[in-house]
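Peer 1: Input file: run.json. Contents: JSON, C-alpha atoms.
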[["chain", "number", "residue", "atom", "x", "y", "z"],
["A", 1, "MET", "CA", 0.00, 0.00, 0.00],
["A", 2, "SER", "CA", 1.32, 3.46, -0.82],
["A", 3, "THR", "CA", 1.97, 6.16, 1.81],
["A", 4, "GLY", "CA", -0.92, 8.19, 0.36],
["A", 5, "GLY", "CA", -3.27, 5.25, 0.86],
["A", 6, "VAL", "CA", -2.20, 4.82, 4.48],
["A", 7, "MET", "CA", -2.66, 8.54, 5.10],
["A", 8, "THR", "CA", -6.10, 8.51, 3.48],
["A", 9, "ASN", "CA", -7.18, 5.53, 5.61],
["A", 10, "THR", "CA", -5.86, 7.17, 8.78],
["A", 11, "LEU", "CA", -7.73, 10.38, 8.01],
["A", 12, "GLU", "CA", -10.91, 8.44, 7.30],
["A", 13, "VAL", "CA", -10.60, 6.64, 10.63],
["A", 14, "LEU", "CA", -10.20, 10.01, 12.33],
["A", 15, "GLY", "CA", -13.29, 11.27, 10.52],
["A", 16, "ILE", "CA", -11.33, 13.86, 8.52],
["A", 17, "GLN", "CA", -12.08, 14.18, 4.84],
["A", 18, "PRO", "CA", -8.90, 13.40, 2.93],
["A", 19, "PRO", "CA", -7.61, 16.00, 0.46],
["A", 20, "MET", "CA", -8.86, 15.38, -3.06],
["A", 21, "THR", "CA", -6.17, 14.23, -5.43],
["A", 22, "ASP", "CA", -5.88, 15.98, -8.77],
["A", 23, "GLU", "CA", -6.67, 12.67, -10.50],
["A", 24, "ALA", "CA", -9.93, 12.36, -8.55],
["A", 25, "PHE", "CA", -10.68, 16.03, -9.17],
["A", 26, "ILE", "CA", -10.29, 15.80, -12.91],
["A", 27, "GLY", "CA", -12.23, 12.54, -13.03],
["A", 28, "LEU", "CA", -12.46, 10.05, -15.81],
["A", 29, "LYS", "CA", -13.87, 12.40, -18.43],
["A", 30, "GLY", "CA", -10.93, 14.77, -18.14],
["A", 31, "GLU", "CA", -13.06, 17.63, -16.80],
["A", 32, "PRO", "CA", -13.92, 18.20, -13.14],
["A", 33, "ASP", "CA", -17.63, 18.27, -12.41],
["A", 34, "ASP", "CA", -19.35, 21.29, -10.85],
["A", 35, "GLY", "CA", -19.58, 19.68, -7.42],
["A", 36, "ASP", "CA", -15.82, 19.12, -7.26],
["A", 37, "ILE", "CA", -15.06, 22.67, -8.39],
["A", 38, "LEU", "CA", -17.51, 24.12, -5.86],
["A", 39, "GLN", "CA", -15.99, 22.00, -3.09],
["A", 40, "ARG", "CA", -12.56, 23.36, -3.93],
["A", 41, "ILE", "CA", -13.80, 26.94, -4.03],
["A", 42, "ARG", "CA", -15.41, 26.48, -0.62],
["A", 43, "ARG", "CA", -12.07, 25.26, 0.71],
["A", 44, "GLY", "CA", -10.52, 28.53, -0.38],
["A", 45, "GLU", "CA", -9.24, 27.79, -3.88],
["A", 46, "ILE", "CA", -10.61, 31.03, -5.30],
["A", 47, "ASP", "CA", -8.90, 30.55, -8.67],
["A", 48, "ARG", "CA", -11.21, 27.59, -9.37],
["A", 49, "ASN", "CA", -13.91, 30.18, -10.12],
["A", 50, "ALA", "CA", -12.21, 30.60, -13.47],
["A", 51, "ASP", "CA", -13.32, 27.05, -14.38],
["A", 52, "LEU", "CA", -16.95, 27.85, -13.58],
["A", 53, "ILE", "CA", -16.77, 31.17, -15.42],
["A", 54, "SER", "CA", -15.38, 29.65, -18.59],
["A", 55, "ARG", "CA", -17.95, 26.86, -18.40],
["A", 56, "TYR", "CA", -21.02, 29.04, -17.84],
["A", 57, "GLN", "CA", -20.26, 32.46, -19.29],
["A", 58, "ARG", "CA", -22.15, 31.75, -22.52],
["A", 59, "HIS", "CA", -25.10, 30.36, -20.60],
["A", 60, "VAL", "CA", -25.27, 33.52, -18.48],
["A", 61, "ILE", "CA", -24.71, 36.01, -21.29],
["A", 62, "ARG", "CA", -27.47, 34.31, -23.28],
["A", 63, "ILE", "CA", -29.92, 34.88, -20.43],
["A", 64, "VAL", "CA", -28.71, 38.40, -19.68],
["A", 65, "SER", "CA", -28.55, 39.67, -23.27],
["A", 66, "ARG", "CA", -32.23, 38.78, -23.73],
["A", 67, "ARG", "CA", -33.17, 40.94, -20.76],
["A", 68, "VAL", "CA", -31.03, 44.05, -20.59],
["A", 69, "PRO", "CA", -29.75, 46.55, -23.18],
["A", 70, "THR", "CA", -26.83, 45.14, -25.19],
["A", 71, "ASP", "CA", -24.39, 47.75, -23.91],
["A", 72, "ARG", "CA", -25.05, 46.65, -20.30],
["A", 73, "ALA", "CA", -24.98, 42.89, -20.87],
["A", 74, "GLU", "CA", -21.26, 42.47, -20.13],
["A", 75, "GLU", "CA", -21.48, 44.41, -16.86],
["A", 76, "ILE", "CA", -24.58, 42.52, -15.68],
["A", 77, "THR", "CA", -22.99, 39.16, -16.56],
["A", 78, "HIS", "CA", -20.02, 40.20, -14.43],
["A", 79, "ASP", "CA", -22.39, 41.01, -11.54],
["A", 80, "VAL", "CA", -24.11, 37.63, -11.90],
["A", 81, "PHE", "CA", -20.85, 35.74, -11.34],
["A", 82, "VAL", "CA", -19.85, 37.95, -8.40],
["A", 83, "ARG", "CA", -23.28, 37.42, -6.82],
["A", 84, "ALA", "CA", -22.98, 33.70, -7.42],
["A", 85, "TYR", "CA", -19.62, 33.61, -5.64],
["A", 86, "VAL", "CA", -20.89, 35.67, -2.70],
["A", 87, "GLY", "CA", -24.00, 33.49, -2.37],
["A", 88, "LEU", "CA", -22.23, 30.17, -2.87],
["A", 89, "ALA", "CA", -22.90, 29.15, 0.72],
["A", 90, "GLN", "CA", -26.63, 29.19, -0.11],
["A", 91, "PHE", "CA", -26.23, 26.70, -2.94],
["A", 92, "SER", "CA", -27.53, 23.47, -1.48],
["A", 93, "GLY", "CA", -27.15, 21.31, -4.55],
["A", 94, "SER", "CA", -30.88, 20.46, -4.70],
["A", 95, "VAL", "CA", -30.89, 21.85, -8.25],
["A", 96, "SER", "CA", -28.07, 21.87, -10.79],
["A", 97, "PHE", "CA", -25.52, 24.67, -10.55],
["A", 98, "GLU", "CA", -26.55, 25.76, -14.06],
["A", 99, "HIS", "CA", -30.16, 26.20, -12.95],
["A", 100, "TRP", "CA", -29.13, 27.98, -9.76],
["A", 101, "LEU", "CA", -26.93, 30.34, -11.78],
["A", 102, "ALA", "CA", -29.80, 30.98, -14.22],
["A", 103, "GLY", "CA", -31.94, 32.07, -11.26],
["A", 104, "ILE", "CA", -29.26, 34.55, -10.16],
["A", 105, "ALA", "CA", -28.99, 35.86, -13.74],
["A", 106, "VAL", "CA", -32.76, 36.36, -14.01],
["A", 107, "ARG", "CA", -32.97, 38.11, -10.63],
["A", 108, "THR", "CA", -29.96, 40.32, -11.40],
["A", 109, "CYS", "CA", -31.66, 41.48, -14.61],
["A", 110, "TYR", "CA", -34.89, 42.08, -12.70],
["A", 111, "ASP", "CA", -32.92, 44.16, -10.16],
["A", 112, "PHE", "CA", -31.39, 46.11, -13.03],
["A", 113, "TRP", "CA", -34.84, 47.24, -14.21],
["A", 114, "ARG", "CA", -36.02, 47.86, -10.66],
["A", 115, "GLY", "CA", -33.02, 50.04, -10.00],
["A", 116, "ARG", "CA", -33.63, 52.21, -13.02],
["A", 117, "LYS", "CA", -35.81, 55.19, -12.33],
["A", 118, "ARG", "CA", -38.72, 55.74, -14.64],
["A", 119, "GLU", "CA", -37.26, 58.96, -16.00],
["A", 120, "GLU", "CA", -34.06, 57.13, -16.94],
["A", 121, "LEU", "CA", -35.97, 54.86, -19.27],
["A", 122, "PRO", "CA", -35.75, 55.87, -22.89],
["A", 123, "VAL", "CA", -39.08, 57.16, -24.05],
["A", 124, "SER", "CA", -39.18, 55.14, -27.17],
["A", 125, "ALA", "CA", -42.05, 55.70, -29.49],
["A", 126, "LEU", "CA", -42.91, 53.62, -32.46],
["A", 127, "THR", "CA", -41.75, 55.24, -35.67],
["A", 128, "ASN", "CA", -43.21, 54.79, -39.14],
["A", 129, "ASP", "CA", -40.67, 52.03, -39.74],
["A", 130, "HIS", "CA", -42.00, 50.12, -36.75],
["A", 131, "GLN", "CA", -45.62, 50.58, -37.84],
["A", 132, "GLN", "CA", -44.60, 49.37, -41.26],
["A", 133, "TRP", "CA", -42.91, 46.35, -39.74],
["A", 134, "ILE", "CA", -46.12, 45.40, -37.91],
["A", 135, "GLU", "CA", -48.12, 45.79, -41.12],
["A", 136, "GLN", "CA", -45.67, 43.76, -43.17],
["A", 137, "THR", "CA", -45.55, 41.05, -40.51],
["A", 138, "LEU", "CA", -49.32, 40.79, -40.56],
["A", 139, "ALA", "CA", -49.31, 40.73, -44.34],
["A", 140, "ALA", "CA", -46.67, 37.99, -44.54],
["A", 141, "GLN", "CA", -48.17, 35.14, -46.53],
["A", 142, "SER", "CA", -45.44, 32.53, -46.36],
["A", 143, "GLU", "CA", -43.26, 31.30, -43.51],
["A", 144, "GLU", "CA", -40.23, 32.61, -45.34],
["A", 145, "GLN", "CA", -41.67, 36.13, -45.51],
["A", 146, "PHE", "CA", -42.59, 35.86, -41.85],
["A", 147, "HIS", "CA", -39.07, 34.82, -40.82],
["A", 148, "ASN", "CA", -37.55, 37.61, -42.88],
["A", 149, "GLN", "CA", -39.65, 39.99, -40.87],
["A", 150, "VAL", "CA", -38.52, 38.40, -37.61],
["A", 151, "ARG", "CA", -34.88, 38.89, -38.56],
["A", 152, "ARG", "CA", -35.29, 42.64, -39.11],
["A", 153, "HIS", "CA", -33.98, 44.94, -36.36],
["A", 154, "GLU", "CA", -37.41, 46.59, -36.11],
["A", 155, "ALA", "CA", -38.70, 43.39, -34.52],
["A", 156, "ILE", "CA", -36.42, 43.81, -31.49],
["A", 157, "GLU", "CA", -37.16, 47.52, -31.33],
["A", 158, "VAL", "CA", -40.92, 46.92, -31.23],
["A", 159, "LEU", "CA", -40.37, 44.27, -28.56],
["A", 160, "GLU", "CA", -38.23, 46.66, -26.51],
["A", 161, "TRP", "CA", -40.87, 49.35, -26.85],
["A", 162, "ALA", "CA", -43.57, 46.97, -25.59],
["A", 163, "LEU", "CA", -41.44, 45.67, -22.69],
["A", 164, "GLY", "CA", -40.56, 49.25, -21.79],
["A", 165, "GLN", "CA", -44.23, 49.90, -21.04],
["A", 166, "LEU", "CA", -44.32, 47.15, -18.39],
["A", 167, "SER", "CA", -43.32, 47.22, -14.72],
["A", 168, "PRO", "CA", -40.09, 45.36, -13.87],
["A", 169, "GLU", "CA", -42.16, 42.54, -12.33],
["A", 170, "ASN", "CA", -44.41, 42.12, -15.36],
["A", 171, "ARG", "CA", -41.45, 42.43, -17.66],
["A", 172, "ALA", "CA", -39.56, 39.66, -15.83],
["A", 173, "VAL", "CA", -42.53, 37.29, -15.87],
["A", 174, "LEU", "CA", -43.54, 38.01, -19.47],
["A", 175, "THR", "CA", -39.97, 37.43, -20.65],
["A", 176, "LEU", "CA", -39.68, 34.14, -18.79],
["A", 177, "VAL", "CA", -43.09, 32.68, -19.51],
["A", 178, "HIS", "CA", -44.20, 34.05, -22.87],
["A", 179, "LEU", "CA", -40.94, 34.87, -24.61],
["A", 180, "ASP", "CA", -38.52, 32.25, -23.25],
["A", 181, "GLY", "CA", -41.26, 29.62, -23.00],
["A", 182, "HIS", "CA", -40.68, 28.54, -19.39],
["A", 183, "SER", "CA", -43.55, 27.02, -17.43],
["A", 184, "VAL", "CA", -45.08, 29.07, -14.62],
["A", 185, "ARG", "CA", -43.48, 26.71, -12.10],
["A", 186, "GLU", "CA", -40.02, 27.13, -13.63],
["A", 187, "ALA", "CA", -40.44, 30.91, -13.76],
["A", 188, "ALA", "CA", -41.48, 30.93, -10.09],
["A", 189, "GLN", "CA", -38.41, 28.90, -9.17],
["A", 190, "LEU", "CA", -36.06, 31.14, -11.14],
["A", 191, "LEU", "CA", -37.50, 34.34, -9.68],
["A", 192, "GLY", "CA", -37.97, 32.90, -6.20],
["A", 193, "TRP", "CA", -41.61, 34.03, -6.21],
["A", 194, "SER", "CA", -44.79, 32.15, -5.38],
["A", 195, "LEU", "CA", -46.58, 30.18, -8.08],
["A", 196, "VAL", "CA", -49.74, 32.26, -7.72],
["A", 197, "ASN", "CA", -47.86, 35.53, -8.02],
["A", 198, "VAL", "CA", -46.18, 34.42, -11.25],
["A", 199, "LYS", "CA", -49.42, 33.01, -12.66],
["A", 200, "VAL", "CA", -51.32, 36.24, -11.99],
["A", 201, "ARG", "CA", -48.51, 38.40, -13.35],
["A", 202, "ALA", "CA", -48.06, 36.25, -16.46],
["A", 203, "HIS", "CA", -51.74, 36.69, -17.28],
["A", 204, "ARG", "CA", -51.75, 40.40, -16.48],
["A", 205, "ALA", "CA", -48.53, 41.14, -18.39],
["A", 206, "ARG", "CA", -49.78, 39.40, -21.50],
["A", 207, "HIS", "CA", -53.05, 41.28, -21.30],
["A", 208, "ILE", "CA", -51.17, 44.60, -21.06],
["A", 209, "LEU", "CA", -48.95, 43.66, -24.00],
["A", 210, "ARG", "CA", -51.95, 42.73, -26.14],
["A", 211, "THR", "CA", -53.77, 45.92, -25.19],
["A", 212, "LEU", "CA", -50.70, 47.96, -26.17],
["A", 213, "LEU", "CA", -50.38, 46.27, -29.54],
["A", 214, "LEU", "CA", -54.10, 46.55, -30.16],
["A", 215, "GLU", "CA", -54.08, 50.25, -29.36],
["A", 216, "ARG", "CA", -51.25, 50.80, -31.82],
["A", 217, "ARG", "CA", -53.26, 49.00, -34.45],
["A", 218, "ARG", "CA", -56.39, 51.04, -33.73],
["A", 219, "GLN", "CA", -54.42, 54.30, -33.89],
["A", 220, "GLU", "CA", -52.96, 53.21, -37.18],
["A", 221, "ASP", "CA", -56.38, 52.31, -38.57],
["A", 222, "ASP", "CA", -57.72, 55.74, -37.47],
["A", 223, "THR", "CA", -54.81, 57.47, -39.21],
["A", 224, "THR", "CA", -55.39, 55.49, -42.41],
["A", 225, "GLN", "CA", -59.10, 56.33, -42.45],
["B", 1, "MET", "CA", -61.89, 41.74, -29.39],
["B", 2, "THR", "CA", -62.79, 40.49, -32.84],
["B", 3, "ARG", "CA", -61.51, 37.22, -34.18],
["B", 4, "ARG", "CA", -59.48, 39.09, -36.80],
["B", 5, "ASN", "CA", -57.83, 41.24, -34.16],
["B", 6, "ASP", "CA", -57.04, 38.16, -32.10],
["B", 7, "GLU", "CA", -55.37, 36.50, -35.08],
["B", 8, "HIS", "CA", -53.38, 39.65, -35.79],
["B", 9, "LEU", "CA", -52.23, 39.89, -32.20],
["B", 10, "LYS", "CA", -51.17, 36.25, -32.16],
["B", 11, "LYS", "CA", -49.16, 36.75, -35.32],
["B", 12, "VAL", "CA", -47.35, 39.84, -33.97],
["B", 13, "GLU", "CA", -46.77, 38.06, -30.63],
["B", 14, "ARG", "CA", -45.26, 35.07, -32.45],
["B", 15, "ALA", "CA", -42.99, 37.37, -34.44],
["B", 16, "LEU", "CA", -41.86, 39.16, -31.29],
["B", 17, "THR", "CA", -41.25, 35.86, -29.49],
["B", 18, "GLU", "CA", -39.15, 34.53, -32.34],
["B", 19, "ALA", "CA", -37.24, 37.81, -32.55],
["B", 20, "HIS", "CA", -36.53, 37.54, -28.81],
["B", 21, "ARG", "CA", -35.26, 33.97, -29.15],
["B", 22, "SER", "CA", -33.02, 34.78, -32.11],
["B", 23, "ARG", "CA", -31.26, 37.71, -30.41],
["B", 24, "GLN", "CA", -27.53, 37.72, -30.94],
["B", 25, "GLU", "CA", -25.42, 37.38, -27.82],
["B", 26, "PRO", "CA", -22.79, 40.11, -27.49],
["B", 27, "SER", "CA", -19.23, 38.84, -27.14],
["B", 28, "LEU", "CA", -17.45, 39.51, -23.88],
["B", 29, "GLY", "CA", -14.39, 41.77, -23.91],
["B", 30, "PRO", "CA", -10.88, 40.23, -23.89],
["B", 31, "ASP", "CA", -10.12, 41.28, -20.31],
["B", 32, "TRP", "CA", -13.64, 40.59, -19.00],
["B", 33, "ALA", "CA", -12.72, 37.30, -17.29],
["B", 34, "PHE", "CA", -9.59, 38.87, -15.79],
["B", 35, "ARG", "CA", -11.57, 41.78, -14.29],
["B", 36, "LEU", "CA", -14.18, 39.37, -12.99],
["B", 37, "MET", "CA", -11.60, 37.16, -11.27],
["B", 38, "ARG", "CA", -9.98, 40.25, -9.75],
["B", 39, "ASP", "CA", -13.34, 41.33, -8.30],
["B", 40, "ILE", "CA", -14.09, 37.83, -7.01],
["B", 41, "GLN", "CA", -10.70, 37.77, -5.27],
["B", 42, "ARG", "CA", -11.51, 41.15, -3.70],
["B", 43, "GLU", "CA", -14.83, 39.74, -2.48],
["B", 44, "ALA", "CA", -12.99, 36.75, -1.04],
["B", 45, "VAL", "CA", -10.64, 39.05, 0.89],
["B", 46, "GLY", "CA", -13.63, 41.10, 2.08],
["B", 47, "GLN", "CA", -15.44, 37.95, 3.19],
["B", 48, "GLY", "CA", -12.32, 36.77, 5.03],
["B", 49, "GLN", "CA", -12.05, 40.08, 6.88],
["B", 50, "ALA", "CA", -15.75, 39.98, 7.67],
["B", 51, "MET", "CA", -15.29, 36.48, 9.10],
["B", 52, "ILE", "CA", -12.37, 37.67, 11.24],
["B", 53, "GLY", "CA", -14.46, 40.65, 12.35],
["B", 54, "LEU", "CA", -17.35, 38.34, 13.12],
["B", 55, "GLY", "CA", -15.02, 36.03, 15.10],
["B", 56, "LEU", "CA", -13.65, 38.92, 17.14],
["B", 57, "ASP", "CA", -17.16, 40.18, 17.87],
["B", 58, "ARG", "CA", -18.18, 36.74, 19.09],
["B", 59, "LEU", "CA", -15.05, 36.44, 21.23],
["B", 60, "VAL", "CA", -15.66, 39.84, 22.85],
["B", 61, "TRP", "CA", -19.30, 39.04, 23.64],
["B", 62, "ARG", "CA", -18.53, 35.58, 24.99],
["B", 63, "THR", "CA", -15.71, 36.93, 27.16],
["B", 64, "ALA", "CA", -18.00, 39.69, 28.43],
["B", 65, "THR", "CA", -20.73, 37.18, 29.31],
["B", 66, "VAL", "CA", -18.31, 34.88, 31.13],
["B", 67, "ALA", "CA", -16.78, 37.86, 32.97],
["B", 68, "ALA", "CA", -20.22, 39.09, 34.03],
["B", 69, "VAL", "CA", -21.19, 35.63, 35.35],
["B", 70, "VAL", "CA", -17.89, 35.30, 37.24],
["B", 71, "ALA", "CA", -18.34, 38.80, 38.73],
["B", 72, "LEU", "CA", -21.89, 37.92, 39.79],
["B", 73, "VAL", "CA", -20.80, 34.67, 41.45],
["B", 74, "PHE", "CA", -17.91, 36.44, 43.19],
["B", 75, "THR", "CA", -20.15, 39.25, 44.48],
["B", 76, "GLY", "CA", -22.74, 36.72, 45.68],
["B", 77, "SER", "CA", -20.13, 34.64, 47.48],
["B", 78, "VAL", "CA", -18.54, 37.69, 49.10],
["B", 79, "LEU", "CA", -21.92, 38.89, 50.34],
["B", 80, "PHE", "CA", -22.86, 35.39, 51.57],
["B", 81, "TYR", "CA", -19.63, 34.75, 53.42],
["B", 82, "THR", "CA", -19.47, 38.30, 54.85],
["B", 83, "ASN", "CA", -22.96, 37.89, 56.30],
["B", 84, "ARG", "CA", -22.11, 34.44, 57.67],
["B", 85, "ASP", "CA", -18.96, 35.79, 59.33],
["B", 86, "ALA", "CA", -20.98, 38.58, 60.91],
["B", 87, "VAL", "CA", -23.49, 36.06, 62.26],
["B", 88, "GLU", "CA", -20.72, 33.82, 63.57],
["B", 89, "LEU", "CA", -18.94, 36.78, 65.17],
["B", 90, "THR", "CA", -22.18, 37.89, 66.82],
["B", 91, "ALA", "CA", -22.77, 34.37, 68.08],
["B", 92, "LEU", "CA", -19.22, 34.17, 69.35],
["B", 93, "LEU", "CA", -19.46, 37.48, 71.11],
["B", 94, "SER", "CA", -22.78, 36.53, 72.67],
["B", 95, "ASN", "CA", -21.21, 33.27, 73.88],
["B", 96, "GLU", "CA", -18.36, 35.23, 75.37],
["B", 97, "VAL", "CA", -20.87, 37.36, 77.19],
["B", 98, "ASP", "CA", -22.54, 34.20, 78.46],
["B", 99, "VAL", "CA", -19.17, 32.84, 79.51],
["B", 100, "MET", "CA", -18.49, 36.01, 81.42],
["B", 101, "VAL", "CA", -21.54, 35.51, 83.62],
["B", 102, "PRO", "CA", -20.25, 35.09, 87.19],
["B", 103, "LEU", "CA", -19.99, 31.44, 88.25],
["B", 104, "SER", "CA", -21.15, 32.24, 91.69],
["B", 105, "GLU", "CA", -24.79, 32.47, 90.51]]
Translate the structure of the given file into structure tokens.

Peer 2:
Amino acid sequence: MSTGGVMTNTLEVLGIQPPMTDEAFIGLKGEPDDGDILQRIRRGEIDRNADLISRYQRHVIRIVSRRVPTDRAEEITHDVFVRAYVGLAQFSGSVSFEHWLAGIAVRTCYDFWRGRKREELPVSALTNDHQQWIEQTLAAQSEEQFHNQVRRHEAIEVLEWALGQLSPENRAVLTLVHLDGHSVREAAQLLGWSLVNVKVRAHRARHILRTLLLERRRQEDDTTQ
Amino acid sequence: MTRRNDEHLKKVERALTEAHRSRQEPSLGPDWAFRLMRDIQREAVGQGQAMIGLGLDRLVWRTATVAAVVALVFTGSVLFYTNRDAVELTALLSNEVDVMVPLSE
């Protein structure tokens, strides 16, 4: 038996967790799993955060860039990882680290909108180009025409205009449930809110969005007539 | 809401949903990860100092509690024994007085 083996056995007898060898850490697949990395970070190996960052930065930026202005996405993604590190003690492992991190990302974006004062929000109005985009989207006959419309930058601008009319709470729920396609339960878990709260807000937010779009259409019809 | 309006709304909603899902992710700057790691290390130092601060606070409060209990016990014992001594001294003196009663009686 090697000296390392003897030491490990002695430590186990004493009830002390033996130090993880690099071979065990890396595992058979050649990449350490999240649990091992987290364990090392908790023991004080701060540099192991780099492994988590490189593994999940695309996952986080994907969530963040769909929720905040593009020029703030990098900064918010940064905040998400710092918040994750600070709150690591609260990660129980009952859900995957990826899911837990997604929750932090969603809540950080929600906090971003909550922190912005109303007057700071850009008062975006729909221009003729946007009205035209709506008309052309409605007139699209084929799927190809429809997808061409979706790819135009006016689509995102109209969406941003509509989301800008909602409260941060309604915005967060509408984005999760109606735009991302999460279930109400998943949205509630990610936001850390009650199921009823999310259900009510999802319904209310969609109703507001539809009313807004309908009003635009009515105004446009009035102008045409 | 008319059926036509409802269909129109659904079509615009679908277009907006698909536009949302096909958003391009911005790329992170070259020194982004470096800055992030630097900030995480700062947080770690801050947390360490907070832990030390928390430890010192606990130590001070525990020491204060123990000191207060010891002081209470000491005061109690001093009062108890002082009173007992006084009683014993009184008893002793009274005995002495009794002893001093003339034997002739």

Peer 1: Give as a list of chain:residue names every residue of chain A that touches chain B within 7 Å, counting only C-alpha atoms.

Peer 2: A:Ile46, A:Ala50, A:Ile61, A:Arg62, A:Ser65, A:Arg66, A:Thr70, A:Glu74, A:His78, A:Val82, A:Ile134, A:Thr137, A:Leu138, A:Val150, A:Arg151, A:Ala155, A:Ile156, A:Leu159, A:Leu179, A:Asp180, A:Arg210

Peer 1: List as a PDB file with C-alpha atoms, in the frame of the given file the protein and nucleic acid residues near Leu52 of chain A, meaning an atom at most 9 Å away when all atoms listed in the file are counted, but skip any in the same chain fewer than 4 places from it.

Peer 2:
ATOM      1  CA  ASP A  34     -19.350  21.290 -10.850  1.00  0.00           C
ATOM      2  CA  ILE A  37     -15.060  22.670  -8.390  1.00  0.00           C
ATOM      3  CA  LEU A  38     -17.510  24.120  -5.860  1.00  0.00           C
ATOM      4  CA  ARG A  48     -11.210  27.590  -9.370  1.00  0.00           C
ATOM      5  CA  TYR A  56     -21.020  29.040 -17.840  1.00  0.00           C
ATOM      6  CA  GLN A  57     -20.260  32.460 -19.290  1.00  0.00           C
TER       7      GLN A  57
END

Peer 1: Please define a box with edges along x, y and z of the file around all atoms of segment 99-118 of chain A given in the file, extend it by 3 Å on each side, and return its centre and edge lengths in Å to one decimal, as AutoDock Vina command-line options.

Peer 2:
--center_x -32.8 --center_y 41.0 --center_z -12.2 --size_x 17.8 --size_y 35.5 --size_z 10.9

Peer 1: Rounded to one decimal in Å, what is the spacing between atom CA of Phe112 of chain A and atom CA of Arg58 of chain A?

Peer 2: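 Atom CA of Phe112 of chain A sits 19.5 Å away from atom CA of Arg58 of chain A.
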
Peer 1: Using Å and a single decimal, report how far atom CA of Arg201 of chain A sits from atom CA of Glu135 of chain A.

Peer 2: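 It comes out at 28.7 Å.
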
Peer 1: Just give me the gap between atom CA of Arg67 of chain A and atom CA of Leu176 of chain A in Å, one decimal is fine.

Peer 2: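 Between atom CA of Arg67 of chain A and atom CA of Leu176 of chain A the gap is 9.6 Å.
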
Peer 1: Which residues are near segment 102-111 of chain A? Cut-off 8 Å, all atoms listed in the file, ignore same chain within fewer than 4 positions. Put them as a list in words.

Peer 2: His59, Val60, Ile63, Val64, Arg67, Val68, Ile76, Thr77, Asp79, Val80, Arg83, Ala84, Glu98, Gly115, Pro168, Glu169, Ala172, Gln189, Leu190, Leu191 and Gly192 of chain A

Peer 1: Which is closest to Thr127 of chain A among A:Arg55, A:Asn170, A:Ala140, A:Val158, if we use all atoms listed in the file?

Peer 2: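 The answer is A:Val158, which sits nearest to Thr127 of chain A.
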